[in-house]
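This report refers to the structure that appears directly beneath it.
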Amino acid sequence: MRIAIACTLVTLLTAGPASAGPMTAADRQRLLAHLEMTEGWLVDEVTGLSPQQITYRMTPQSWTILDVAEHLAVAEPQYWQHLQDSLKAPPGEVKPEATDAGILWYGIDRTDRARTGEARVPKGRWSEITGPLAEFRKLRATMRDYAAGTEDDLRGRMLVDGNMDVYQWFLMISTHAQRHILQIREIKAHEGYRER
């Protein structure tokens with residue numbers, strides 16, 4: 001089911017950015033669908049896991065499922081703030097280098113992996129998955145409410161210090177979560193995890 005939704009989203013979003021102005025109904029629908037998909041998918045992946053499962057490491061350097069959840073709970077507020085900061089600029093003519101399709105591909109393709117910034121590295125803030133998951137979901141509710149009702153011109157503003165428009169950054173917040181959901185799936189597919 002989630003694969004079918006993702007394929008539909010890829011098809012809908014590859015048309016490219018809409019013209020500047022308030023978010024189009026199609027852009028709004030696509031963004032909300034992606035935010036809802038990644039939130040629901042994350043909840044599905046981590047619900048019911050044991051303490052041993054959420055703290056399993058494939059290697060001494062790799063993240064656990066709890067680390068991934070903490071990263072999302074810490075990173076998304078920073079990304080959301082970057083979006084809010086970018087809305088302070090007046091709208092105008094923008095020429096993003098990024099494409100909607102490229103942003104979606106970022107959520108799917110984990111072959112190119114980069115280390116996150118120090119401010120988003122997991123530091124063991126929580127001992128149970130419920131803590132970071134609750135923080136993640138609380139902010140996601142705020143994001144969905146904003147996406148559902150905003151009349152802000154997200155296409156007509158560039159992300160501060162970025163190569164994409166603000167709409168694309170909003171979409172990237174969700175595709176970033178998708179990348180890490182796939183990371184959780186990699187952990188769960190590891191032979192050592194299956195033995196726990």
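Chain labels follow the order of the structure tokens: the first chain is A, the next B, and so on; residue numbering restarts at 1 in every chain, and ligands are counted from 1 in their shown order.
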
Next item on the list: May I have all residues of stretch 69-170 of chain A that DSSP, computed from the backbone, assigns to alpha helix (DSSP H), given as a ChimeraX atom specification?
Entry: /A:69-86,100-108,130-149,166-170

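Among the candidate residues A:Thr38, A:Thr55, A:Thr175, A:Thr47, the one lying nearest to A:Ser127 is A:Thr55, with distances computed using only C-alpha atoms.
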
Notebook entry, point to check: Given the choices A:Leu133, A:Met37, A:Leu87, A:Ala101, which gets closest to A:Leu159 if the distance is worked out from only C-alpha atoms?
Noted result: A:Leu87

Checklist line | Surrounding residues of A:Gly156 excluding itself and chain neighbours under 5 positions, 10 Å, only C-alpha atoms, as a PyMOL selection string | finding: chain A and resi 18-23+87+89-96+165-167

Keeping N, CA and C atoms for every residue in the selection just given, could you write it to a file as a PDB file, in the first residue's frame?
ATOM      1  N   ALA A  18       4.799  24.553  -9.496  1.00  0.00           N
ATOM      2  CA  ALA A  18       3.698  25.364 -10.009  1.00  0.00           C
ATOM      3  C   ALA A  18       4.129  26.820  -9.995  1.00  0.00           C
ATOM      4  N   SER A  19       3.323  27.671 -10.570  1.00  0.00           N
ATOM      5  CA  SER A  19       3.650  29.097 -10.553  1.00  0.00           C
ATOM      6  C   SER A  19       3.556  29.637  -9.136  1.00  0.00           C
ATOM      7  N   ALA A  20       4.241  30.780  -8.924  1.00  0.00           N
ATOM      8  CA  ALA A  20       4.256  31.373  -7.588  1.00  0.00           C
ATOM      9  C   ALA A  20       2.870  31.872  -7.214  1.00  0.00           C
ATOM     10  N   GLY A  21       2.630  31.998  -5.925  1.00  0.00           N
ATOM     11  CA  GLY A  21       1.349  32.414  -5.383  1.00  0.00           C
ATOM     12  C   GLY A  21       0.976  31.470  -4.264  1.00  0.00           C
ATOM     13  N   PRO A  22      -0.217  31.597  -3.712  1.00  0.00           N
ATOM     14  CA  PRO A  22      -0.636  30.652  -2.675  1.00  0.00           C
ATOM     15  C   PRO A  22      -0.530  29.219  -3.199  1.00  0.00           C
ATOM     16  N   MET A  23      -0.332  28.293  -2.306  1.00  0.00           N
ATOM     17  CA  MET A  23      -0.158  26.900  -2.701  1.00  0.00           C
ATOM     18  C   MET A  23      -1.355  26.421  -3.513  1.00  0.00           C
ATOM     19  N   LEU A  87      10.356  32.058   5.221  1.00  0.00           N
ATOM     20  CA  LEU A  87       9.112  32.754   4.900  1.00  0.00           C
ATOM     21  C   LEU A  87       9.163  34.243   5.227  1.00  0.00           C
ATOM     22  N   ALA A  89      11.303  36.344   4.119  1.00  0.00           N
ATOM     23  CA  ALA A  89      11.672  37.092   2.916  1.00  0.00           C
ATOM     24  C   ALA A  89      10.423  37.328   2.073  1.00  0.00           C
ATOM     25  N   PRO A  90      10.354  38.456   1.364  1.00  0.00           N
ATOM     26  CA  PRO A  90       9.185  38.680   0.506  1.00  0.00           C
ATOM     27  C   PRO A  90       9.216  37.731  -0.696  1.00  0.00           C
ATOM     28  N   PRO A  91       8.047  37.327  -1.181  1.00  0.00           N
ATOM     29  CA  PRO A  91       8.023  36.466  -2.360  1.00  0.00           C
ATOM     30  C   PRO A  91       8.484  37.230  -3.599  1.00  0.00           C
ATOM     31  N   GLY A  92       8.977  36.499  -4.552  1.00  0.00           N
ATOM     32  CA  GLY A  92       9.430  37.100  -5.801  1.00  0.00           C
ATOM     33  C   GLY A  92       9.706  36.018  -6.830  1.00  0.00           C
ATOM     34  N   GLU A  93      10.441  36.383  -7.846  1.00  0.00           N
ATOM     35  CA  GLU A  93      10.809  35.424  -8.892  1.00  0.00           C
ATOM     36  C   GLU A  93      11.898  34.504  -8.348  1.00  0.00           C
ATOM     37  N   VAL A  94      11.677  33.204  -8.370  1.00  0.00           N
ATOM     38  CA  VAL A  94      12.673  32.251  -7.875  1.00  0.00           C
ATOM     39  C   VAL A  94      13.008  31.250  -8.967  1.00  0.00           C
ATOM     40  N   LYS A  95      14.235  30.762  -8.919  1.00  0.00           N
ATOM     41  CA  LYS A  95      14.683  29.750  -9.869  1.00  0.00           C
ATOM     42  C   LYS A  95      15.410  28.658  -9.105  1.00  0.00           C
ATOM     43  N   PRO A  96      14.655  27.747  -8.516  1.00  0.00           N
ATOM     44  CA  PRO A  96      15.314  26.685  -7.757  1.00  0.00           C
ATOM     45  C   PRO A  96      16.115  25.760  -8.661  1.00  0.00           C
ATOM     46  N   ASP A 165      13.027  25.939  -3.531  1.00  0.00           N
ATOM     47  CA  ASP A 165      12.015  26.850  -3.007  1.00  0.00           C
ATOM     48  C   ASP A 165      11.478  26.293  -1.682  1.00  0.00           C
ATOM     49  N   VAL A 166      10.696  27.088  -0.981  1.00  0.00           N
ATOM     50  CA  VAL A 166      10.241  26.705   0.362  1.00  0.00           C
ATOM     51  C   VAL A 166       9.295  25.505   0.294  1.00  0.00           C
ATOM     52  N   TYR A 167       8.478  25.422  -0.748  1.00  0.00           N
ATOM     53  CA  TYR A 167       7.621  24.240  -0.896  1.00  0.00           C
ATOM     54  C   TYR A 167       8.473  22.982  -0.983  1.00  0.00           C
TER      55      TYR A 167
END

Notebook entry, point to check: Near A:Arg113, within 12 Å and counting only C-alpha atoms, which residues show up once chain neighbours fewer than 6 positions away are dropped, as a list of chain:residue names?
Noted result: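 Residues meeting the cut-off are A:Tyr106, A:Gly107, A:His176, A:Arg179, A:His180, A:Gln183.
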
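Between A:Ala119 and the candidates A:His71, A:Arg140, A:Arg157, A:Arg185, the tightest atom-to-atom separation, counting only C-alpha atoms, involves A:His71.
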